$ cat my_file-v9.pdb   # PDB, C-alpha atoms
MODEL        1
ATOM      1  CA  ALA J   1       2.754  80.291 236.230
ATOM      2  CA  GLN J   2       0.198  79.068 233.738
ATOM      3  CA  LYS J   3      -3.419  78.887 234.833
ATOM      4  CA  ILE J   4      -6.841  78.280 233.300
ATOM      5  CA  THR J   5      -9.984  79.633 234.953
ATOM      6  CA  GLN J   6     -13.506  78.552 234.118
ATOM      7  CA  THR J   7     -15.790  80.604 236.338
ATOM      8  CA  GLN J   8     -19.099  78.944 235.451
ATOM      9  CA  PRO J   9     -19.521  75.631 237.282
ATOM     10  CA  GLY J  10     -22.900  75.097 235.603
ATOM     11  CA  MET J  11     -24.834  76.587 232.693
ATOM     12  CA  PHE J  12     -28.308  76.073 231.247
ATOM     13  CA  VAL J  13     -29.426  76.821 227.696
ATOM     14  CA  GLN J  14     -32.613  76.230 225.727
ATOM     15  CA  GLU J  15     -32.404  73.910 222.778
ATOM     16  CA  LYS J  16     -31.594  75.734 219.508
ATOM     17  CA  GLU J  17     -30.176  78.778 221.308
ATOM     18  CA  ALA J  18     -26.513  79.796 221.408
ATOM     19  CA  VAL J  19     -24.419  79.583 224.572
ATOM     20  CA  THR J  20     -21.017  80.958 225.568
ATOM     21  CA  LEU J  21     -18.746  79.103 227.985
ATOM     22  CA  ASP J  22     -16.096  81.300 229.563
ATOM     23  CA  CYS J  23     -12.387  80.596 229.801
ATOM     24  CA  THR J  24      -9.654  82.950 230.939
ATOM     25  CA  TYR J  25      -6.007  82.088 231.060
ATOM     26  CA  ASP J  26      -2.732  83.322 232.461
ATOM     27  CA  THR J  27       0.630  82.680 230.853
ATOM     28  CA  SER J  28       3.986  84.315 230.327
ATOM     29  CA  ASP J  29       4.570  82.447 227.079
ATOM     30  CA  GLN J  30       4.573  84.498 223.894
ATOM     31  CA  SER J  31       3.208  81.618 221.858
ATOM     32  CA  TYR J  32       0.591  79.230 223.178
ATOM     33  CA  GLY J  33      -2.353  77.103 222.169
ATOM     34  CA  LEU J  34      -5.843  76.931 223.623
ATOM     35  CA  PHE J  35      -8.097  73.889 223.484
ATOM     36  CA  TRP J  36     -11.657  72.936 224.308
ATOM     37  CA  TYR J  37     -12.752  69.416 225.136
ATOM     38  CA  LYS J  38     -16.198  67.932 225.761
ATOM     39  CA  GLN J  39     -16.886  65.172 228.275
ATOM     40  CA  PRO J  40     -20.393  63.699 228.041
ATOM     41  CA  SER J  41     -21.860  61.591 230.821
ATOM     42  CA  SER J  42     -20.445  58.486 229.147
ATOM     43  CA  GLY J  43     -17.015  59.730 230.238
ATOM     44  CA  GLU J  44     -14.904  60.030 227.108
ATOM     45  CA  MET J  45     -12.941  63.231 226.434
ATOM     46  CA  ILE J  46     -13.635  64.634 222.972
ATOM     47  CA  PHE J  47     -11.439  67.276 221.344
ATOM     48  CA  LEU J  48     -13.564  70.126 219.964
ATOM     49  CA  ILE J  49     -11.500  73.074 218.806
ATOM     50  CA  TYR J  50      -8.033  74.637 218.887
ATOM     51  CA  GLN J  51      -6.817  78.242 218.746
ATOM     52  CA  GLY J  52      -3.193  79.288 218.406
ATOM     53  CA  SER J  53      -2.182  82.572 219.987
ATOM     54  CA  TYR J  54      -0.677  83.616 216.674
ATOM     55  CA  ASP J  55      -3.877  82.951 214.691
ATOM     56  CA  GLU J  56      -5.494  86.157 213.512
ATOM     57  CA  GLN J  57      -8.852  84.539 212.864
ATOM     58  CA  ASN J  58     -11.044  82.969 215.518
ATOM     59  CA  ALA J  59     -11.214  79.205 215.152
ATOM     60  CA  THR J  60     -14.456  77.582 214.016
ATOM     61  CA  GLU J  61     -15.496  73.940 213.759
ATOM     62  CA  GLY J  62     -19.076  73.425 212.702
ATOM     63  CA  ARG J  63     -21.326  74.749 215.475
ATOM     64  CA  TYR J  64     -18.325  75.483 217.688
ATOM     65  CA  SER J  65     -16.402  78.733 217.552
ATOM     66  CA  LEU J  66     -13.787  80.211 219.803
ATOM     67  CA  ASN J  67     -14.078  83.865 220.760
ATOM     68  CA  PHE J  68     -10.397  84.642 221.271
ATOM     69  CA  GLN J  69      -9.560  87.981 222.874
ATOM     70  CA  LYS J  70      -5.825  88.040 223.398
ATOM     71  CA  ALA J  71      -5.636  91.330 225.259
ATOM     72  CA  ARG J  72      -8.227  90.095 227.743
ATOM     73  CA  LYS J  73      -6.641  86.640 227.883
ATOM     74  CA  SER J  74      -9.952  84.984 227.208
ATOM     75  CA  ALA J  75     -10.855  82.071 224.944
ATOM     76  CA  ASN J  76     -14.577  81.565 225.257
ATOM     77  CA  LEU J  77     -16.337  78.690 223.505
ATOM     78  CA  VAL J  78     -19.504  79.549 221.621
ATOM     79  CA  ILE J  79     -21.913  76.766 220.742
ATOM     80  CA  SER J  80     -24.557  77.799 218.246
ATOM     81  CA  ALA J  81     -27.965  76.153 217.830
ATOM     82  CA  SER J  82     -27.633  74.012 220.964
ATOM     83  CA  GLN J  83     -28.742  70.396 220.781
ATOM     84  CA  LEU J  84     -29.710  67.995 223.556
ATOM     85  CA  GLY J  85     -26.532  66.049 222.822
ATOM     86  CA  ASP J  86     -24.459  69.092 223.778
ATOM     87  CA  SER J  87     -25.263  68.451 227.450
ATOM     88  CA  ALA J  88     -21.855  67.613 228.933
ATOM     89  CA  MET J  89     -18.850  68.936 230.854
ATOM     90  CA  TYR J  90     -16.651  71.296 228.863
ATOM     91  CA  PHE J  91     -12.977  71.793 229.644
ATOM     92  CA  CYS J  92     -10.656  74.566 228.525
ATOM     93  CA  ALA J  93      -6.920  73.801 228.355
ATOM     94  CA  MET J  94      -3.692  75.509 227.323
ATOM     95  CA  ARG J  95      -0.048  74.781 226.623
ATOM     96  CA  GLY J  96       2.946  76.886 225.706
ATOM     97  CA  LEU J  97       4.335  76.541 222.184
ATOM     98  CA  ASN J  98       7.779  78.075 222.661
ATOM     99  CA  ALA J  99      10.755  75.934 221.752
ATOM    100  CA  GLY J 100      11.532  73.659 224.644
ATOM    101  CA  ASN J 101       8.012  73.779 226.046
ATOM    102  CA  ASN J 102       6.897  70.374 227.093
ATOM    103  CA  ARG J 103       3.588  68.929 226.005
ATOM    104  CA  LYS J 104       1.821  69.305 229.326
ATOM    105  CA  LEU J 105      -1.670  70.764 229.042
ATOM    106  CA  ILE J 106      -2.943  73.029 231.816
ATOM    107  CA  TRP J 107      -6.632  72.297 232.438
ATOM    108  CA  GLY J 108      -9.547  74.251 233.853
ATOM    109  CA  LEU J 109     -12.016  72.650 236.244
ATOM    110  CA  GLY J 110     -14.767  72.555 233.652
ATOM    111  CA  THR J 111     -18.272  73.881 233.073
ATOM    112  CA  SER J 112     -21.306  71.629 233.166
ATOM    113  CA  LEU J 113     -23.750  72.518 230.377
ATOM    114  CA  ALA J 114     -27.356  71.359 230.401
ATOM    115  CA  VAL J 115     -29.475  71.843 227.284
ATOM    116  CA  ASN J 116     -33.182  72.050 228.033
ATOM    117  CA  PRO J 117     -35.742  70.827 225.480
TER     118      PRO J 117
ATOM    119  CA  ASP V   1      -9.429  54.394 212.118
ATOM    120  CA  ALA V   2      -9.131  52.998 215.614
ATOM    121  CA  GLY V   3      -8.796  55.541 218.371
ATOM    122  CA  VAL V   4      -6.864  55.157 221.594
ATOM    123  CA  ILE V   5      -7.660  51.804 223.166
ATOM    124  CA  GLN V   6      -7.619  51.213 226.907
ATOM    125  CA  SER V   7      -8.176  48.096 228.935
ATOM    126  CA  PRO V   8      -9.786  47.153 231.150
ATOM    127  CA  ARG V   9     -12.706  49.605 231.068
ATOM    128  CA  HIS V  10     -13.568  48.874 234.665
ATOM    129  CA  GLU V  11     -11.432  47.455 237.433
ATOM    130  CA  VAL V  12     -12.453  46.679 240.982
ATOM    131  CA  THR V  13      -9.739  45.485 243.321
ATOM    132  CA  GLU V  14      -8.946  45.228 246.990
ATOM    133  CA  MET V  15      -6.506  47.454 248.801
ATOM    134  CA  GLY V  16      -2.984  46.145 248.551
ATOM    135  CA  GLN V  17      -3.420  44.426 245.206
ATOM    136  CA  GLU V  18      -1.428  45.263 242.100
ATOM    137  CA  VAL V  19      -3.322  46.968 239.285
ATOM    138  CA  THR V  20      -2.146  47.236 235.682
ATOM    139  CA  LEU V  21      -3.841  49.536 233.192
ATOM    140  CA  ARG V  22      -3.117  49.200 229.490
ATOM    141  CA  CYS V  23      -3.124  51.594 226.572
ATOM    142  CA  LYS V  24      -2.659  51.357 222.826
ATOM    143  CA  PRO V  25      -2.155  54.803 221.247
ATOM    144  CA  ILE V  26      -3.282  55.832 217.798
ATOM    145  CA  SER V  27      -0.912  54.410 215.235
ATOM    146  CA  GLY V  28       1.732  56.934 214.216
ATOM    147  CA  HIS V  29       1.332  59.148 217.245
ATOM    148  CA  ASP V  30       4.598  60.088 218.936
ATOM    149  CA  TYR V  31       3.301  61.225 222.303
ATOM    150  CA  LEU V  32       1.443  59.254 224.948
ATOM    151  CA  PHE V  33      -0.093  60.708 228.094
ATOM    152  CA  TRP V  34      -1.531  59.166 231.260
ATOM    153  CA  TYR V  35      -4.107  61.196 233.200
ATOM    154  CA  ARG V  36      -6.144  60.656 236.352
ATOM    155  CA  GLN V  37      -9.544  62.276 236.864
ATOM    156  CA  THR V  38     -11.336  62.648 240.204
ATOM    157  CA  MET V  39     -14.130  64.909 241.375
ATOM    158  CA  MET V  40     -11.866  66.496 243.970
ATOM    159  CA  ARG V  41      -8.782  67.188 241.837
ATOM    160  CA  GLY V  42     -10.125  67.270 238.298
ATOM    161  CA  LEU V  43      -7.879  66.075 235.483
ATOM    162  CA  GLU V  44      -4.233  65.523 236.439
ATOM    163  CA  LEU V  45      -1.384  64.604 234.126
ATOM    164  CA  LEU V  46       0.586  61.748 235.634
ATOM    165  CA  ILE V  47       3.290  61.157 233.027
ATOM    166  CA  TYR V  48       3.913  61.485 229.331
ATOM    167  CA  PHE V  49       6.194  59.787 226.806
ATOM    168  CA  ASN V  50       7.745  60.916 223.550
ATOM    169  CA  ASN V  51       8.897  58.159 221.210
ATOM    170  CA  ASN V  52       8.557  55.671 224.085
ATOM    171  CA  VAL V  53      10.797  57.723 226.402
ATOM    172  CA  PRO V  54       9.327  59.230 229.604
ATOM    173  CA  ILE V  55       9.624  63.018 229.394
ATOM    174  CA  ASP V  56       7.779  64.343 232.426
ATOM    175  CA  ASP V  57       6.749  62.158 235.359
ATOM    176  CA  SER V  58       6.354  64.960 237.863
ATOM    177  CA  GLY V  59       2.656  64.169 238.230
ATOM    178  CA  MET V  60       3.167  60.577 239.380
ATOM    179  CA  PRO V  61       1.843  60.649 242.928
ATOM    180  CA  GLU V  62       4.366  58.382 244.594
ATOM    181  CA  ASP V  63       6.541  55.326 244.193
ATOM    182  CA  ARG V  64       3.523  53.056 244.113
ATOM    183  CA  PHE V  65       2.862  54.298 240.589
ATOM    184  CA  SER V  66       4.992  53.310 237.623
ATOM    185  CA  ALA V  67       4.537  53.577 233.867
ATOM    186  CA  LYS V  68       6.295  51.937 230.943
ATOM    187  CA  MET V  69       6.169  52.166 227.190
ATOM    188  CA  PRO V  70       8.096  49.199 225.786
ATOM    189  CA  ASN V  71       7.167  50.018 222.180
ATOM    190  CA  ALA V  72       5.299  52.586 220.115
ATOM    191  CA  SER V  73       1.991  50.745 220.341
ATOM    192  CA  PHE V  74       1.718  49.847 224.006
ATOM    193  CA  SER V  75       1.972  51.424 227.437
ATOM    194  CA  THR V  76       1.128  50.330 230.963
ATOM    195  CA  LEU V  77       0.396  52.167 234.180
ATOM    196  CA  LYS V  78       0.925  50.049 237.263
ATOM    197  CA  ILE V  79      -0.142  50.720 240.846
ATOM    198  CA  GLN V  80       1.427  48.503 243.500
ATOM    199  CA  PRO V  81       0.117  48.317 246.165
ATOM    200  CA  SER V  82      -3.209  49.968 245.411
ATOM    201  CA  GLU V  83      -5.039  52.105 247.986
ATOM    202  CA  PRO V  84      -8.652  53.336 248.165
ATOM    203  CA  ARG V  85      -7.516  56.895 247.377
ATOM    204  CA  ASP V  86      -6.321  55.652 243.977
ATOM    205  CA  SER V  87      -9.950  55.187 242.942
ATOM    206  CA  ALA V  88     -10.433  57.371 239.862
ATOM    207  CA  VAL V  89     -10.853  57.297 236.111
ATOM    208  CA  TYR V  90      -7.510  56.859 234.363
ATOM    209  CA  PHE V  91      -7.214  58.166 230.816
ATOM    210  CA  CYS V  92      -4.611  57.511 228.208
ATOM    211  CA  ALA V  93      -4.208  60.019 225.358
ATOM    212  CA  SER V  94      -1.931  60.323 222.349
ATOM    213  CA  SER V  95      -0.906  63.038 219.906
ATOM    214  CA  LEU V  96       1.232  63.602 216.850
ATOM    215  CA  ALA V  97       4.600  65.285 217.104
ATOM    216  CA  GLY V  98       3.549  68.127 214.854
ATOM    217  CA  GLY V  99       0.047  68.428 216.193
ATOM    218  CA  SER V 100      -1.184  69.858 219.414
ATOM    219  CA  GLU V 101      -4.478  68.211 220.232
ATOM    220  CA  GLN V 102      -4.511  65.073 222.320
ATOM    221  CA  TYR V 103      -6.897  62.233 221.556
ATOM    222  CA  PHE V 104      -8.215  60.395 224.571
ATOM    223  CA  GLY V 105      -9.114  56.785 225.151
ATOM    224  CA  PRO V 106     -12.389  55.809 226.828
ATOM    225  CA  GLY V 107     -10.760  55.605 230.259
ATOM    226  CA  THR V 108     -10.450  52.926 232.921
ATOM    227  CA  ARG V 109     -12.655  53.352 235.980
ATOM    228  CA  LEU V 110     -10.660  52.011 238.933
ATOM    229  CA  THR V 111     -12.280  51.240 242.255
ATOM    230  CA  VAL V 112     -10.091  50.147 245.144
ATOM    231  CA  THR V 113     -12.008  48.817 248.152
TER     232      THR V 113
ENDMDL
END
$ encode --input "my_file-v9.pdb" --output "C-alpha coordinates"
Amino acid sequence: AQKITQTQPGMFVQEKEAVTLDCTYDTSDQSYGLFWYKQPSSGEMIFLIYQGSYDEQNATEGRYSLNFQKARKSANLVISASQLGDSAMYFCAMRGLNAGNNRKLIWGLGTSLAVNP
Amino acid sequence: DAGVIQSPRHEVTEMGQEVTLRCKPISGHDYLFWYRQTMMRGLELLIYFNNNVPIDDSGMPEDRFSAKMPNASFSTLKIQPSEPRDSAVYFCASSLAGGSEQYFGPGTRLTVT
(Lines of atoms letter the chains of each structure in order from A and count residues from 1; the text may use other names and numbers.)
(Lines give C-alpha, C1' and ligand atoms only; values in the text may rest on other atoms or scores of the structure.)
Protein backbone atom coordinates (compact mmCIF):
# COMPACT_ATOMS: atom_id res chain seq x y z
CA ALA A 1 0.00 0.00 0.00
CA GLN A 2 1.14 3.54 -0.67
CA LYS A 3 1.73 5.81 2.30
CA ILE A 4 3.20 9.24 3.02
CA THR A 5 4.58 10.08 6.45
CA GLN A 6 5.37 13.57 7.68
CA THR A 7 6.73 13.17 11.19
CA GLN A 8 7.00 16.85 12.12
CA PRO A 9 3.61 18.28 13.10
CA GLY A 10 5.20 21.70 13.70
CA MET A 11 8.48 23.43 12.90
CA PHE A 12 10.00 26.81 13.74
CA VAL A 13 12.72 28.62 11.81
CA GLN A 14 14.33 32.05 12.05
CA GLU A 15 13.83 34.39 9.16
CA LYS A 16 16.60 34.09 6.52
CA GLU A 17 17.66 30.63 7.71
CA ALA A 18 17.13 27.37 5.82
CA VAL A 19 14.68 24.71 6.98
CA THR A 20 14.10 21.08 6.02
CA LEU A 21 10.64 19.51 6.15
CA ASP A 22 10.69 15.72 6.26
CA CYS A 23 8.71 13.35 4.09
CA THR A 24 9.07 9.59 3.84
CA TYR A 25 7.04 7.39 1.58
CA ASP A 26 6.19 3.77 0.98
CA THR A 27 5.27 2.35 -2.41
CA SER A 28 5.65 -0.78 -4.47
CA ASP A 29 5.53 1.15 -7.73
CA GLN A 30 8.72 1.28 -9.77
CA SER A 31 7.89 4.70 -11.14
CA TYR A 32 6.26 7.41 -9.06
CA GLY A 33 6.09 11.14 -8.54
CA LEU A 34 6.48 13.17 -5.37
CA PHE A 35 4.91 16.56 -4.77
CA TRP A 36 5.00 19.34 -2.21
CA TYR A 37 2.17 21.78 -1.65
CA LYS A 38 1.89 24.85 0.57
CA GLN A 39 -1.30 25.89 2.35
CA PRO A 40 -1.12 29.35 3.95
CA SER A 41 -3.64 30.48 6.54
CA SER A 42 -5.81 31.87 3.75
CA GLY A 43 -6.56 28.26 2.81
CA GLU A 44 -5.54 27.82 -0.81
CA MET A 45 -3.34 24.88 -1.83
CA ILE A 46 -0.29 25.98 -3.81
CA PHE A 47 1.84 23.56 -5.82
CA LEU A 48 5.54 24.05 -5.03
CA ILE A 49 7.73 21.36 -6.54
CA TYR A 50 7.72 17.95 -8.22
CA GLN A 51 10.24 15.09 -8.29
CA GLY A 52 9.96 12.03 -10.50
CA SER A 53 11.46 8.81 -9.18
CA TYR A 54 13.38 8.47 -12.43
CA ASP A 55 14.94 11.95 -12.20
CA GLU A 56 18.65 11.79 -11.49
CA GLN A 57 18.85 15.38 -10.33
CA ASN A 58 17.08 16.78 -7.29
CA ALA A 59 14.31 19.17 -8.26
CA THR A 60 14.70 22.88 -7.56
CA GLU A 61 12.28 25.79 -7.90
CA GLY A 62 13.65 29.09 -6.70
CA ARG A 63 14.15 28.85 -2.93
CA TYR A 64 12.60 25.38 -2.84
CA SER A 65 14.59 22.22 -3.41
CA LEU A 66 13.76 18.59 -2.91
CA ASN A 67 16.31 16.36 -1.23
CA PHE A 68 15.39 13.06 -2.86
CA GLN A 69 16.98 9.93 -1.42
CA LYS A 70 15.46 6.99 -3.23
CA ALA A 71 17.12 4.25 -1.20
CA ARG A 72 15.84 5.82 2.01
CA LYS A 73 12.45 6.57 0.45
CA SER A 74 12.62 10.16 1.55
CA ALA A 75 11.71 13.36 -0.28
CA ASN A 76 12.46 16.21 2.07
CA LEU A 77 11.64 19.80 1.16
CA VAL A 78 14.36 22.36 1.76
CA ILE A 79 13.41 26.02 1.93
CA SER A 80 16.38 28.35 1.78
CA ALA A 81 16.47 31.91 3.15
CA SER A 82 13.12 31.61 4.93
CA GLN A 83 10.71 34.52 4.69
CA LEU A 84 7.78 35.46 6.92
CA GLY A 85 5.46 34.56 4.05
CA ASP A 86 6.70 30.96 4.19
CA SER A 87 4.68 30.43 7.39
CA ALA A 88 2.09 27.84 6.33
CA MET A 89 1.15 24.15 6.31
CA TYR A 90 3.23 22.04 3.95
CA PHE A 91 1.95 18.79 2.48
CA CYS A 92 3.90 16.00 0.81
CA ALA A 93 2.05 13.81 -1.71
CA MET A 94 2.78 10.93 -4.07
CA ARG A 95 1.25 8.99 -6.94
CA GLY A 96 2.33 6.01 -8.99
CA LEU A 97 3.28 6.62 -12.62
CA ASN A 98 3.06 3.08 -13.98
CA ALA A 99 0.74 2.50 -16.91
CA GLY A 100 -2.76 2.05 -15.60
CA ASN A 101 -2.11 3.96 -12.39
CA ASN A 102 -4.95 6.26 -11.63
CA ARG A 103 -4.41 9.91 -10.81
CA LYS A 104 -5.10 9.63 -7.10
CA LEU A 105 -2.56 11.45 -4.94
CA ILE A 106 -1.65 9.98 -1.55
CA TRP A 107 -1.24 12.80 0.97
CA GLY A 108 0.66 13.24 4.21
CA LEU A 109 -0.91 14.96 7.20
CA GLY A 110 1.24 18.04 6.81
CA THR A 111 3.82 20.06 8.72
CA SER A 112 3.05 23.48 10.13
CA LEU A 113 5.97 25.87 9.61
CA ALA A 114 6.31 29.11 11.53
CA VAL A 115 8.96 31.62 10.48
CA ASN A 116 10.07 33.88 13.31
CA PRO A 117 11.23 37.45 12.59
CA ASP B 1 -4.68 33.07 -16.88
CA ALA B 2 -7.60 32.24 -14.63
CA GLY B 3 -7.03 29.45 -12.16
CA VAL B 4 -9.59 26.98 -10.89
CA ILE B 5 -12.75 28.81 -9.90
CA GLN B 6 -15.06 27.61 -7.15
CA SER B 7 -18.34 28.95 -5.90
CA PRO B 8 -19.60 29.75 -3.42
CA ARG B 9 -16.57 30.51 -1.23
CA HIS B 10 -18.60 30.10 1.92
CA GLU B 11 -21.84 28.25 2.50
CA VAL B 12 -23.82 27.99 5.70
CA THR B 13 -26.87 25.76 5.65
CA GLU B 14 -29.14 23.86 7.97
CA MET B 15 -29.10 20.12 8.39
CA GLY B 16 -31.27 18.41 5.82
CA GLN B 17 -30.86 21.04 3.13
CA GLU B 18 -29.39 20.38 -0.29
CA VAL B 19 -25.99 21.92 -0.99
CA THR B 20 -24.43 22.37 -4.43
CA LEU B 21 -20.79 23.30 -4.87
CA ARG B 22 -19.51 24.45 -8.25
CA CYS B 23 -16.17 24.28 -10.00
CA LYS B 24 -14.71 25.59 -13.24
CA PRO B 25 -11.36 23.92 -14.04
CA ILE B 26 -8.46 25.54 -15.83
CA SER B 27 -9.19 25.66 -19.53
CA GLY B 28 -7.61 22.74 -21.36
CA HIS B 29 -7.17 20.56 -18.31
CA ASP B 30 -8.39 17.00 -18.74
CA TYR B 31 -8.66 15.94 -15.12
CA LEU B 32 -10.87 17.33 -12.38
CA PHE B 33 -10.70 16.35 -8.72
CA TRP B 34 -12.96 16.99 -5.73
CA TYR B 35 -11.37 16.92 -2.27
CA ARG B 36 -12.62 17.43 1.28
CA GLN B 37 -10.38 18.77 4.04
CA THR B 38 -11.07 18.51 7.78
CA MET B 39 -8.85 18.78 10.82
CA MET B 40 -9.64 15.21 11.82
CA ARG B 41 -9.14 13.45 8.47
CA GLY B 42 -6.88 15.80 6.54
CA LEU B 43 -7.25 15.98 2.77
CA GLU B 44 -9.45 13.27 1.23
CA LEU B 45 -10.06 12.66 -2.45
CA LEU B 46 -13.77 12.24 -3.06
CA ILE B 47 -13.93 11.67 -6.81
CA TYR B 48 -12.09 12.52 -9.98
CA PHE B 49 -13.02 12.85 -13.65
CA ASN B 50 -11.08 12.40 -16.87
CA ASN B 51 -12.55 14.06 -19.94
CA ASN B 52 -15.82 14.55 -18.03
CA VAL B 53 -16.10 10.85 -17.14
CA PRO B 54 -15.93 9.78 -13.46
CA ILE B 55 -12.91 7.51 -13.01
CA ASP B 56 -12.67 6.88 -9.28
CA ASP B 57 -15.48 7.67 -6.85
CA SER B 58 -14.32 5.38 -4.09
CA GLY B 59 -13.83 8.34 -1.77
CA MET B 60 -17.44 9.53 -1.93
CA PRO B 61 -18.64 9.02 1.62
CA GLU B 62 -22.15 7.81 0.94
CA ASP B 63 -25.17 8.12 -1.31
CA ARG B 64 -25.88 11.61 -0.05
CA PHE B 65 -22.94 12.80 -2.13
CA SER B 66 -23.04 13.01 -5.90
CA ALA B 67 -20.84 14.70 -8.49
CA LYS B 68 -21.35 15.53 -12.15
CA MET B 69 -19.29 17.00 -14.94
CA PRO B 70 -21.66 17.85 -17.79
CA ASN B 71 -18.93 19.51 -19.87
CA ALA B 72 -15.21 20.24 -19.82
CA SER B 73 -15.63 23.57 -18.06
CA PHE B 74 -18.03 22.80 -15.24
CA SER B 75 -18.53 20.35 -12.40
CA THR B 76 -20.82 20.16 -9.39
CA LEU B 77 -20.66 18.36 -6.08
CA LYS B 78 -24.04 17.93 -4.44
CA ILE B 79 -24.87 16.88 -0.89
CA GLN B 80 -28.48 15.93 -0.23
CA PRO B 81 -29.47 15.91 2.58
CA SER B 82 -26.61 17.68 4.32
CA GLU B 83 -25.51 16.77 7.86
CA PRO B 84 -23.33 18.61 10.40
CA ARG B 85 -20.51 16.10 9.86
CA ASP B 86 -20.27 17.31 6.25
CA SER B 87 -18.86 20.61 7.51
CA ALA B 88 -15.44 20.96 5.87
CA VAL B 89 -13.53 22.82 3.19
CA TYR B 90 -14.21 21.35 -0.25
CA PHE B 91 -11.54 21.83 -2.90
CA CYS B 92 -11.71 21.37 -6.61
CA ALA B 93 -8.47 20.81 -8.54
CA SER B 94 -7.56 20.21 -12.16
CA SER B 95 -4.56 18.92 -14.10
CA LEU B 96 -3.38 18.29 -17.62
CA ALA B 97 -3.35 14.81 -19.08
CA GLY B 98 0.39 14.87 -19.60
CA GLY B 99 1.21 16.69 -16.42
CA SER B 100 1.23 15.48 -12.89
CA GLU B 101 0.67 18.46 -10.64
CA GLN B 102 -2.84 19.41 -9.65
CA TYR B 103 -3.90 23.03 -9.42
CA PHE B 104 -6.37 23.81 -6.68
CA GLY B 105 -9.22 26.26 -6.45
CA PRO B 106 -9.66 28.50 -3.41
CA GLY B 107 -12.07 26.06 -1.76
CA THR B 108 -15.61 26.27 -0.44
CA ARG B 109 -15.98 26.39 3.34
CA LEU B 110 -19.20 24.52 4.16
CA THR B 111 -20.86 24.79 7.54
CA VAL B 112 -23.91 22.66 8.25
CA THR B 113 -25.76 23.58 11.44
$ resolve_selection --input "my_file-v9.pdb" --expression "the PyMOL selection byres ((chain J) within 10 of (chain V))" --output "PyMOL selection string"
chain J and resi 33-37+42-50+52+91+95+97+102-110
$ closest_residue --input "my_file-v9.pdb" --among "J:Asn76, J:Asn116, J:Asn58, J:Gln2" --to "Cys92 (chain J)" --atoms "only C-alpha atoms"
J:Asn76
$ closest_residue --input "my_file-v9.pdb" --among "V:Arg85, V:Arg22, V:Arg64, V:His10" --to "Trp34 (chain V)" --atoms "all atoms listed in the file"
V:Arg22
$ residues_near_point --input "my_file-v9.pdb" --point "(-25.6, 75.6, 222.2)" --cutoff "12 Å" --atoms "all atoms listed in the file" --output "PyMOL selection string"
chain J and resi 11-21+62-65+77-88+90+113-117
$ residues_around --input "my_file-v9.pdb" --residues "Ala1 (chain J)" --least-positions-apart "6" --cutoff "9 Å" --atoms "all atoms listed in the file" --output "JSON, numbers by chain"
{"J": [26, 27, 28]}
$ atom_distance --input "my_file-v9.pdb" --atom1 "CA of Val4 (chain V)" --atom2 "CA of Asn52 (chain V)"
15.6 Å
$ resolve_selection --input "my_file-v9.pdb" --expression "the PyMOL selection byres ((chain V and resi 112) around 8)" --output "PyMOL selection string"
chain V and resi 12-15+82-87+110-111+113
$ closest_residue --input "my_file-v9.pdb" --among "V:Met60, V:Glu11, V:Ser73, V:Pro54" --to "Lys24 (chain V)" --atoms "only C-alpha atoms"
V:Ser73
$ atom_distance --input "my_file-v9.pdb" --atom1 "CA of Val53 (chain V)" --atom2 "CA of His29 (chain V)"
13.2 Å
$ closest_residue --input "my_file-v9.pdb" --among "V:Thr76, V:Asn51, V:Ser66, V:Ser94" --to "Cys23 (chain V)" --atoms "only C-alpha atoms"
V:Thr76
$ resolve_selection --input "my_file-v9.pdb" --expression "the PyMOL selection byres ((chain V and resi 2) around 9)" --output "list in words"
Asp1, Gly3, Val4, Ile5, Ile26 and Ser27 of chain V
$ atom_distance --input "my_file-v9.pdb" --atom1 "CA of Ser75 (chain V)" --atom2 "CA of Gly16 (chain V)"
22.3 Å
